[in-house]
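Visitor: My structure is in run-v6.csv, and what it holds is CSV, C-alpha atoms:
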chain,number,residue,atom,x,y,z
A,1,MET,CA,-46.9,-38.8,15.2
A,2,ASN,CA,-46.7,-35.8,12.8
A,3,LYS,CA,-44.2,-34.1,15.2
A,4,ILE,CA,-41.9,-37.2,15.3
A,5,PHE,CA,-42.0,-37.3,11.5
A,6,ILE,CA,-41.1,-33.6,11.2
A,7,PHE,CA,-38.2,-34.0,13.6
A,8,LEU,CA,-36.9,-37.1,11.7
A,9,LEU,CA,-37.2,-35.3,8.4
A,10,ALA,CA,-35.4,-32.2,9.7
A,11,GLY,CA,-32.5,-34.3,11.1
A,12,PHE,CA,-32.3,-36.3,7.9
A,13,SER,CA,-32.2,-33.0,5.9
A,14,VAL,CA,-29.3,-31.7,7.9
A,15,LEU,CA,-27.3,-34.9,7.4
A,16,ALA,CA,-28.1,-34.9,3.7
A,17,CYS,CA,-27.0,-31.2,3.4
A,18,ASN,CA,-23.7,-31.9,5.1
A,19,PHE,CA,-23.1,-35.0,2.9
A,20,LEU,CA,-24.0,-33.3,-0.4
A,21,PHE,CA,-22.4,-29.9,0.3
A,22,PRO,CA,-19.4,-30.5,2.7
A,23,GLN,CA,-17.9,-27.3,4.1
A,24,LYS,CA,-14.2,-26.7,3.3
A,25,ALA,CA,-11.9,-24.9,5.7
A,26,SER,CA,-11.7,-21.3,4.6
A,27,PRO,CA,-8.2,-20.5,3.5
A,28,THR,CA,-6.6,-17.4,5.0
A,29,LEU,CA,-4.0,-15.3,3.2
A,30,ASN,CA,-2.4,-14.1,6.4
A,31,PRO,CA,1.0,-15.4,7.2
A,32,GLU,CA,1.9,-17.8,9.9
A,33,ILE,CA,5.4,-16.6,10.6
A,34,SER,CA,6.4,-19.4,12.9
A,35,SER,CA,5.8,-22.0,10.2
A,36,SER,CA,8.8,-23.7,8.6
A,37,GLU,CA,6.8,-25.2,5.8
A,38,ASN,CA,5.8,-23.1,2.8
A,39,GLU,CA,2.0,-22.9,2.4
A,40,GLN,CA,-0.3,-23.2,-0.5
A,41,ILE,CA,-3.0,-20.7,0.5
A,42,LEU,CA,-5.3,-20.6,-2.4
A,43,GLU,CA,-5.6,-22.5,-5.6
A,44,LEU,CA,-8.2,-21.6,-8.1
A,45,ALA,CA,-8.3,-22.6,-11.8
A,46,GLU,CA,-6.6,-19.3,-12.7
A,47,LEU,CA,-4.9,-18.2,-9.6
A,48,THR,CA,-2.5,-19.8,-7.1
A,49,ILE,CA,-1.3,-18.1,-3.9
A,50,VAL,CA,1.5,-19.5,-1.8
A,51,ARG,CA,3.5,-18.1,1.1
A,52,LEU,CA,7.2,-18.8,1.5
A,53,HIS,CA,8.8,-19.0,5.0
A,54,ARG,CA,12.4,-18.1,5.7
A,55,GLN,CA,13.0,-21.3,7.7
A,56,ALA,CA,12.1,-23.4,4.6
A,57,GLY,CA,15.3,-22.6,2.8
A,58,ASP,CA,17.1,-20.3,0.4
A,59,LEU,CA,14.9,-17.7,-1.1
A,60,GLN,CA,16.3,-17.7,-4.6
A,61,ALA,CA,16.2,-21.5,-4.8
A,62,MET,CA,12.6,-21.5,-3.6
A,63,LEU,CA,11.6,-18.8,-6.1
A,64,ALA,CA,13.1,-20.9,-8.9
A,65,ASP,CA,11.2,-23.9,-7.7
A,66,GLU,CA,7.9,-22.0,-7.4
A,67,SER,CA,8.4,-20.5,-10.9
A,68,LYS,CA,8.7,-24.0,-12.3
A,69,LYS,CA,5.4,-24.9,-10.6
A,70,ALA,CA,3.8,-21.7,-12.0
A,71,ALA,CA,5.0,-22.6,-15.5
A,72,ALA,CA,3.5,-26.1,-15.1
A,73,LEU,CA,0.2,-24.5,-14.3
A,74,GLY,CA,0.6,-22.0,-17.2
A,75,GLN,CA,0.6,-19.1,-14.7
A,76,MET,CA,2.9,-16.1,-14.3
A,77,PRO,CA,5.1,-16.1,-11.1
A,78,VAL,CA,4.9,-12.9,-9.1
A,79,VAL,CA,6.4,-12.1,-5.7
A,80,GLU,CA,4.3,-10.0,-3.4
A,81,PHE,CA,5.7,-8.5,-0.2
A,82,ASP,CA,3.2,-7.8,2.6
A,83,ALA,CA,3.0,-7.7,6.4
A,84,THR,CA,0.4,-8.4,9.1
A,85,TRP,CA,0.3,-4.7,10.2
A,86,CYS,CA,-0.4,-3.4,6.7
A,87,PRO,CA,-4.1,-2.4,6.2
A,88,PRO,CA,-3.8,-2.0,2.4
A,89,CYS,CA,-2.3,-5.6,2.1
A,90,LEU,CA,-5.2,-6.9,4.1
A,91,ALA,CA,-7.7,-5.1,1.9
A,92,ILE,CA,-6.3,-7.0,-1.1
A,93,ASP,CA,-6.3,-10.3,0.7
A,94,SER,CA,-9.9,-9.8,1.9
A,95,ALA,CA,-11.1,-9.0,-1.6
A,96,ILE,CA,-9.5,-12.1,-3.0
A,97,GLU,CA,-10.7,-14.3,-0.2
A,98,ALA,CA,-14.2,-12.9,-0.8
A,99,ARG,CA,-13.8,-14.1,-4.4
A,100,ASN,CA,-14.4,-10.5,-5.7
A,101,GLU,CA,-15.0,-11.0,-9.4
A,102,LEU,CA,-13.0,-7.9,-10.4
A,103,MET,CA,-10.0,-9.1,-8.3
A,104,LEU,CA,-10.2,-12.7,-9.5
A,105,SER,CA,-10.3,-11.5,-13.1
A,106,ALA,CA,-7.3,-9.1,-12.6
A,107,TYR,CA,-5.2,-11.7,-10.7
A,108,GLY,CA,-6.2,-14.5,-13.1
A,109,GLY,CA,-3.3,-16.4,-14.7
A,110,THR,CA,-0.9,-15.5,-11.9
A,111,TYR,CA,1.0,-17.5,-9.3
A,112,ILE,CA,1.4,-15.2,-6.3
A,113,ILE,CA,4.4,-15.9,-4.0
A,114,LYS,CA,3.8,-14.0,-0.8
A,115,LEU,CA,6.7,-13.0,1.5
A,116,ASP,CA,6.1,-11.3,4.9
A,117,VAL,CA,8.6,-8.4,5.3
A,118,ASP,CA,8.9,-9.0,9.0
A,119,GLU,CA,9.8,-12.6,8.5
A,120,TRP,CA,12.3,-11.9,5.7
A,121,GLY,CA,13.8,-8.8,7.2
A,122,TRP,CA,13.2,-5.5,5.5
A,123,ASN,CA,16.3,-3.5,6.1
A,124,ASN,CA,17.2,-0.2,4.4
A,125,GLY,CA,14.5,-0.7,1.9
A,126,GLN,CA,15.7,-4.2,0.9
A,127,VAL,CA,14.7,-7.8,1.3
A,128,GLU,CA,17.4,-10.1,-0.1
A,129,ASN,CA,18.0,-8.6,-3.6
A,130,PHE,CA,14.5,-7.0,-3.8
A,131,ARG,CA,14.5,-3.2,-3.3
A,132,PHE,CA,11.3,-1.3,-2.4
A,133,ASP,CA,10.2,1.4,0.0
A,134,ALA,CA,6.5,0.6,0.6
A,135,ILE,CA,4.1,-2.4,0.6
A,136,PRO,CA,2.2,-4.1,-0.9
A,137,VAL,CA,4.6,-4.4,-3.8
A,138,TYR,CA,4.7,-6.9,-6.6
A,139,PHE,CA,7.7,-8.1,-8.7
A,140,LYS,CA,7.2,-10.2,-11.8
A,141,LEU,CA,9.6,-13.1,-12.0
A,142,ASP,CA,11.0,-14.9,-15.1
A,143,ALA,CA,10.8,-18.6,-15.6
A,144,ASP,CA,13.9,-19.2,-13.5
A,145,GLY,CA,12.6,-17.2,-10.6
A,146,ASN,CA,14.7,-14.1,-11.2
A,147,GLN,CA,13.3,-10.6,-10.9
A,148,THR,CA,12.3,-8.8,-14.1
A,149,SER,CA,12.3,-5.1,-14.3
A,150,GLU,CA,8.5,-5.0,-13.8
A,151,VAL,CA,7.4,-3.9,-10.4
A,152,ILE,CA,4.3,-2.2,-9.0
A,153,ASP,CA,3.2,-1.1,-5.5
A,154,GLY,CA,0.1,0.2,-3.9
A,155,GLY,CA,0.9,3.7,-4.9
A,156,ALA,CA,-0.3,2.9,-8.4
A,157,TRP,CA,-3.9,3.0,-7.3
A,158,GLY,CA,-5.9,5.2,-4.9
A,159,GLU,CA,-8.3,4.1,-2.2
A,160,ASP,CA,-7.9,0.3,-1.6
A,161,ILE,CA,-11.1,-1.0,-3.2
A,162,PRO,CA,-11.4,-3.6,-5.9
A,163,GLU,CA,-12.7,-1.0,-8.4
A,164,ASN,CA,-9.4,0.9,-8.1
A,165,ILE,CA,-7.0,-2.0,-7.6
A,166,ALA,CA,-8.3,-4.5,-10.3
A,167,PRO,CA,-7.8,-2.4,-13.4
A,168,VAL,CA,-4.3,-1.4,-12.5
A,169,MET,CA,-3.3,-4.9,-11.5
A,170,ASP,CA,-5.0,-6.4,-14.6
A,171,GLU,CA,-2.9,-4.1,-16.8
A,172,PHE,CA,0.3,-4.9,-14.8
A,173,PHE,CA,-0.3,-8.7,-15.0
A,174,HIS,CA,-1.7,-9.0,-18.5
A,175,SER,CA,0.2,-6.5,-20.6
A,176,GLY,CA,3.9,-6.0,-20.9
A,177,ASN,CA,6.8,-8.2,-21.5
A,178,GLN,CA,5.5,-11.5,-20.1
B,1,MET,CA,21.9,59.7,6.9
B,2,LYS,CA,22.0,56.5,4.9
B,3,ILE,CA,24.5,54.9,7.3
B,4,ARG,CA,22.1,55.5,10.1
B,5,TYR,CA,19.4,53.5,8.4
B,6,LEU,CA,21.9,50.6,8.1
B,7,PHE,CA,21.9,50.4,11.8
B,8,ILE,CA,18.2,49.4,11.9
B,9,PRO,CA,18.6,46.0,10.3
B,10,VAL,CA,21.7,45.4,12.3
B,11,PHE,CA,19.9,46.2,15.5
B,12,LEU,CA,17.0,43.9,14.5
B,13,CYS,CA,19.4,41.1,13.8
B,14,MET,CA,21.0,41.6,17.2
B,15,LEU,CA,17.6,41.6,18.8
B,16,ALA,CA,16.8,38.3,17.0
B,17,ALA,CA,20.1,36.8,18.1
B,18,CYS,CA,19.3,37.7,21.7
B,19,GLY,CA,15.9,36.0,21.4
B,20,ARG,CA,17.6,32.9,20.1
B,21,SER,CA,20.1,32.7,22.8
B,22,SER,CA,17.3,32.7,25.4
B,23,ALA,CA,15.1,30.3,23.3
B,24,ALA,CA,15.2,27.7,25.9
B,25,THR,CA,13.7,30.0,28.5
B,26,GLN,CA,10.0,30.1,29.4
B,27,GLY,CA,7.7,31.1,26.5
B,28,ALA,CA,10.0,29.6,23.8
B,29,SER,CA,11.1,26.2,22.5
B,30,LEU,CA,14.3,24.3,22.4
B,31,SER,CA,15.1,21.7,19.7
B,32,LEU,CA,16.2,18.5,21.4
B,33,ALA,CA,16.6,16.1,18.4
B,34,SER,CA,15.4,15.5,14.9
B,35,PHE,CA,15.7,12.6,12.5
B,36,THR,CA,14.0,11.0,9.5
B,37,GLU,CA,13.3,7.3,9.5
B,38,ASN,CA,11.2,5.3,7.1
B,39,TYR,CA,10.3,8.5,5.3
B,40,VAL,CA,8.8,10.2,8.4
B,41,GLY,CA,10.5,13.3,9.8
B,42,VAL,CA,10.4,13.6,13.5
B,43,SER,CA,11.3,16.7,15.5
B,44,ILE,CA,11.5,16.7,19.3
B,45,LEU,CA,11.2,19.9,21.2
B,46,LEU,CA,11.0,21.2,24.8
B,47,GLU,CA,8.6,24.1,25.0
B,48,GLY,CA,8.0,26.4,27.9
B,49,ASN,CA,5.2,28.9,28.6
B,50,ASP,CA,4.8,32.0,30.6
B,51,LYS,CA,3.3,30.0,33.5
B,52,GLY,CA,6.6,28.1,34.0
B,53,GLU,CA,5.1,24.9,32.5
B,54,TYR,CA,7.2,22.7,30.2
B,55,PHE,CA,6.0,20.5,27.4
B,56,LEU,CA,8.0,17.8,25.6
B,57,SER,CA,6.6,17.5,22.1
B,58,ALA,CA,7.3,15.5,19.0
B,59,THR,CA,6.2,16.5,15.5
B,60,PHE,CA,5.8,13.7,13.0
B,61,ILE,CA,5.8,14.7,9.3
B,62,PRO,CA,4.8,11.8,7.0
B,63,PRO,CA,5.3,11.9,3.2
B,64,ASP,CA,2.6,13.6,1.1
B,65,GLY,CA,-0.6,11.6,1.1
B,66,TYR,CA,0.4,9.5,4.1
B,67,HIS,CA,-1.3,9.4,7.5
B,68,LEU,CA,-0.3,8.3,11.0
B,69,TYR,CA,-2.3,6.3,13.4
B,70,SER,CA,-3.9,7.4,16.7
B,71,LYS,CA,-1.7,7.5,19.8
B,72,ASP,CA,-4.5,5.6,21.5
B,73,ILE,CA,-4.5,2.4,19.5
B,74,PRO,CA,-2.7,-0.6,21.1
B,75,LEU,CA,1.0,-0.9,20.6
B,76,ASN,CA,0.5,-4.0,18.4
B,77,GLY,CA,-2.3,-2.3,16.4
B,78,VAL,CA,-6.0,-3.1,16.1
B,79,GLU,CA,-6.3,-6.8,15.2
B,80,GLY,CA,-2.6,-6.5,14.4
B,81,LEU,CA,-3.1,-3.6,11.9
B,82,GLY,CA,-1.4,-0.3,12.2
B,83,ARG,CA,0.9,1.1,14.9
B,84,PRO,CA,0.3,4.0,17.3
B,85,THR,CA,2.0,7.3,17.1
B,86,LEU,CA,3.8,7.7,20.4
B,87,LEU,CA,6.2,10.0,22.3
B,88,GLU,CA,7.1,8.3,25.6
B,89,LEU,CA,9.6,8.9,28.4
B,90,THR,CA,12.0,6.1,29.0
B,91,GLU,CA,12.0,4.0,32.2
B,92,TYR,CA,15.0,5.9,33.7
B,93,SER,CA,14.1,9.4,32.3
B,94,GLN,CA,14.9,12.3,34.6
B,95,LEU,CA,11.8,14.1,33.1
B,96,HIS,CA,8.6,13.5,35.0
B,97,ALA,CA,5.3,13.4,33.2
B,98,LEU,CA,2.7,15.8,34.7
B,99,GLY,CA,-0.2,14.8,32.6
B,100,ILE,CA,-1.3,12.9,29.5
B,101,LEU,CA,-0.1,13.0,26.0
B,102,THR,CA,-2.2,15.3,23.8
B,103,GLU,CA,-2.5,15.5,20.0
B,104,SER,CA,-2.5,18.5,17.7
B,105,VAL,CA,-5.2,17.0,15.4
B,106,LYS,CA,-8.3,14.9,16.0
B,107,THR,CA,-8.4,11.3,14.9
B,108,MET,CA,-11.0,10.0,12.5
B,109,GLU,CA,-12.4,6.6,11.6
B,110,PRO,CA,-10.8,4.9,8.6
B,111,ASN,CA,-12.9,4.1,5.5
B,112,PHE,CA,-12.1,0.4,6.0
B,113,GLU,CA,-12.5,-2.2,8.7
B,114,PRO,CA,-11.7,-2.3,11.5
B,115,LYS,CA,-13.2,1.1,12.3
B,116,GLU,CA,-11.4,1.1,15.7
B,117,LEU,CA,-8.1,1.7,13.8
B,118,LEU,CA,-8.3,5.4,14.2
B,119,VAL,CA,-6.1,7.6,12.0
B,120,TYR,CA,-5.0,11.2,11.9
B,121,PRO,CA,-5.8,13.1,8.7
B,122,SER,CA,-3.0,13.1,6.2
B,123,GLY,CA,-0.1,15.3,7.2
B,124,ALA,CA,1.8,16.3,10.2
B,125,VAL,CA,0.9,15.5,13.8
B,126,THR,CA,2.3,16.9,17.0
B,127,LEU,CA,2.1,15.1,20.3
B,128,SER,CA,2.8,17.0,23.5
B,129,LEU,CA,3.5,15.8,27.1
B,130,PRO,CA,3.5,18.2,30.1
B,131,VAL,CA,6.7,17.5,32.0
B,132,GLU,CA,8.6,18.6,35.1
B,133,LEU,CA,12.3,19.3,34.5
B,134,PRO,CA,14.8,17.6,36.9
B,135,ALA,CA,16.1,19.6,39.8
B,136,ALA,CA,19.6,20.5,38.5
B,137,ASP,CA,21.5,23.5,37.3
B,138,THR,CA,23.2,21.8,34.4
B,139,TRP,CA,22.3,20.0,31.2
B,140,LEU,CA,21.6,16.3,31.5
B,141,ASN,CA,21.6,13.3,29.1
B,142,ASP,CA,18.2,11.7,28.7
B,143,ALA,CA,16.2,9.8,26.1
B,144,VAL,CA,12.7,9.4,24.7
B,145,LYS,CA,10.9,6.6,23.0
B,146,ILE,CA,9.3,7.2,19.6
B,147,THR,CA,6.8,4.9,17.7
B,148,PHE,CA,5.0,5.6,14.5
B,149,MET,CA,3.9,4.1,11.2
B,150,ALA,CA,2.8,5.9,8.0
B,151,CYS,CA,0.4,4.6,5.4
B,152,SER,CA,-1.5,6.1,2.5
B,153,GLU,CA,-4.8,4.7,1.3
B,154,SER,CA,-3.0,2.0,-0.6
B,155,THR,CA,0.5,1.5,0.7
B,156,CYS,CA,2.5,1.5,3.9
B,157,LYS,CA,6.0,2.4,5.0
B,158,PRO,CA,7.6,0.1,7.6
B,159,PRO,CA,6.8,1.0,11.3
B,160,VAL,CA,9.2,2.3,13.8
B,161,THR,CA,8.6,0.9,17.2
B,162,GLY,CA,10.1,2.1,20.5
B,163,LYS,CA,13.0,3.9,18.9
B,164,ILE,CA,15.2,5.3,21.6
B,165,VAL,CA,16.3,8.9,20.8
B,166,SER,CA,19.0,10.5,22.9
B,167,ILE,CA,18.4,14.1,24.0
B,168,ARG,CA,20.0,16.6,26.3
B,169,ILE,CA,17.7,18.4,28.7
B,170,PRO,CA,18.2,21.4,31.0
B,171,GLY,CA,17.7,21.1,34.7
B,172,VAL,CA,15.0,23.4,36.0
B,173,ASP,CA,17.6,25.7,37.7
B,174,VAL,CA,19.4,26.3,34.4
B,175,TYR,CA,16.9,29.0,33.7
B,176,LYS,CA,16.8,30.6,37.2
How does the structure come out when it is put into structure tokens?

Guide:
Amino acid sequence: MNKIFIFLLAGFSVLACNFLFPQKASPTLNPEISSSENEQILELAELTIVRLHRQAGDLQAMLADESKKAAALGQMPVVEFDATWCPPCLAIDSAIEARNELMLSAYGGTYIIKLDVDEWGWNNGQVENFRFDAIPVYFKLDADGNQTSEVIDGGAWGEDIPENIAPVMDEFFHSGNQ
Amino acid sequence: MKIRYLFIPVFLCMLAACGRSSAATQGASLSLASFTENYVGVSILLEGNDKGEYFLSATFIPPDGYHLYSKDIPLNGVEGLGRPTLLELTEYSQLHALGILTESVKTMEPNFEPKELLVYPSGAVTLSLPVELPAADTWLNDAVKITFMACSESTCKPPVTGKIVSIRIPGVDVYK
């Protein structure tokens, strides 16, 4: 009798846990190149990350659109170029996915617009009108989605750990012209 | 007296020139091609030794602070990350590989996951492949395939995958 009661109690507990604490699908920051739809990858109170796909339309028009969305959220639009083969890019994504406090604090208030260089075509150090020679690289945008003169790449910090990345990115995002 | 001394450097220069003219013979090296792409310098050489063996080699020189990835990682990287450093003969090459590709420096584990993504220490790497020269007494057109990708601890240059590089190789009888 006691065994039946324990089994019933255990089953009820599992059901109650699932009901009270439903598991959400874990977002991934990695690109899905074949997609024609832009993706919202992460949305926290202070940080939004989206990925734009080439098939979804004209880049400058999409950047203008995303910048408006960023403004509505009170966040700063920033373009980030990355690639699936780039370990330093993955290190940043992993730290944010893991909700690393240093990284969330540094990236707070930003609206990151990710573009995969393989998808967008990185030829002669250029993707559309963005020029850069290494990734990851970040370009601040203005309210209309145009590049500003503020840009930073992974060369600004040393080993790819949050303790190195966060202070540099915090300063880049939160001091300066914007 | 002084004029006699002038002959010494002239003689040495002539000696050096002789050595250069026979640089492609056994015991020396012959430059086949060199280029820089995505900030990595690549030099391709044919080297011979006293035993009559020939080695096709490629030296990859990344920018300061950058490393290359092991020749032994998959072509599409480990879990998609990184790209191998490779010197390969093309399908229709007239060179015949006599052994495996060797590396001038040992690989090491990266200080991040996945640990299987082996890297060379920062700096230059030379890959070498023992080859048999084609049976011919003239120079022949050929090509090799080059793959690499350079990253630092925090940033990456774009990879170069399967770049075909034209070379001219000597037939084995050119040196007989």

Visitor: Given all atoms listed in the file as the basis, pick out the residue of B:Ala136, B:Leu129, B:Ile73, B:Leu68 nearest to B:Val105.

Guide: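 Under the stated criterion, the closest residue is B:Leu68.
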
Visitor: Would you list which chain B residues are within 9 Å of chain A using all atoms listed in the file, as number ranges by chain?

Guide: B: 38-39, 76-83, 111-113, 151-159

Visitor: One decimal, in Å: what's the spacing between atom CA of A:Ala98 and atom CA of A:Pro162?

Guide: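 Taking atom CA of A:Ala98 and atom CA of A:Pro162, their separation equals 11.0 Å.
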
Visitor: Please provide the set of residues having any atom within 12 Å of A:Ser175, restricted to only C-alpha atoms, with same-chain residues fewer than 3 positions apart removed, written as a PyMOL selection string.

Guide: chain A and resi 76+106+140+150+167-172+178

Visitor: Give me the residues near B:Ala97 as a list in words, where near means some atom within 10 Å (using all atoms listed in the file) and where sequence neighbours in that chain fewer than 3 positions away do not count.

Guide: Tyr54, Phe55, Leu56, Glu88, Leu89, Ser93, Gln94, Ile100, Leu101, Leu129, Pro130, Val131, Glu132 and Leu133 of chain B

Visitor: I'd like the interatomic distance between atom CA of B:Gly52 and atom CA of B:Thr138, to a tenth of an Å.

Guide: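 Rounded to one decimal, the two atoms are 17.8 Å apart.
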
Visitor: Would you mind reading off the distance between atom CA of A:Asp144 and atom CA of A:Lys69, one decimal, in Å?

Guide: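 Separating atom CA of A:Asp144 from atom CA of A:Lys69 is a distance of 10.6 Å.
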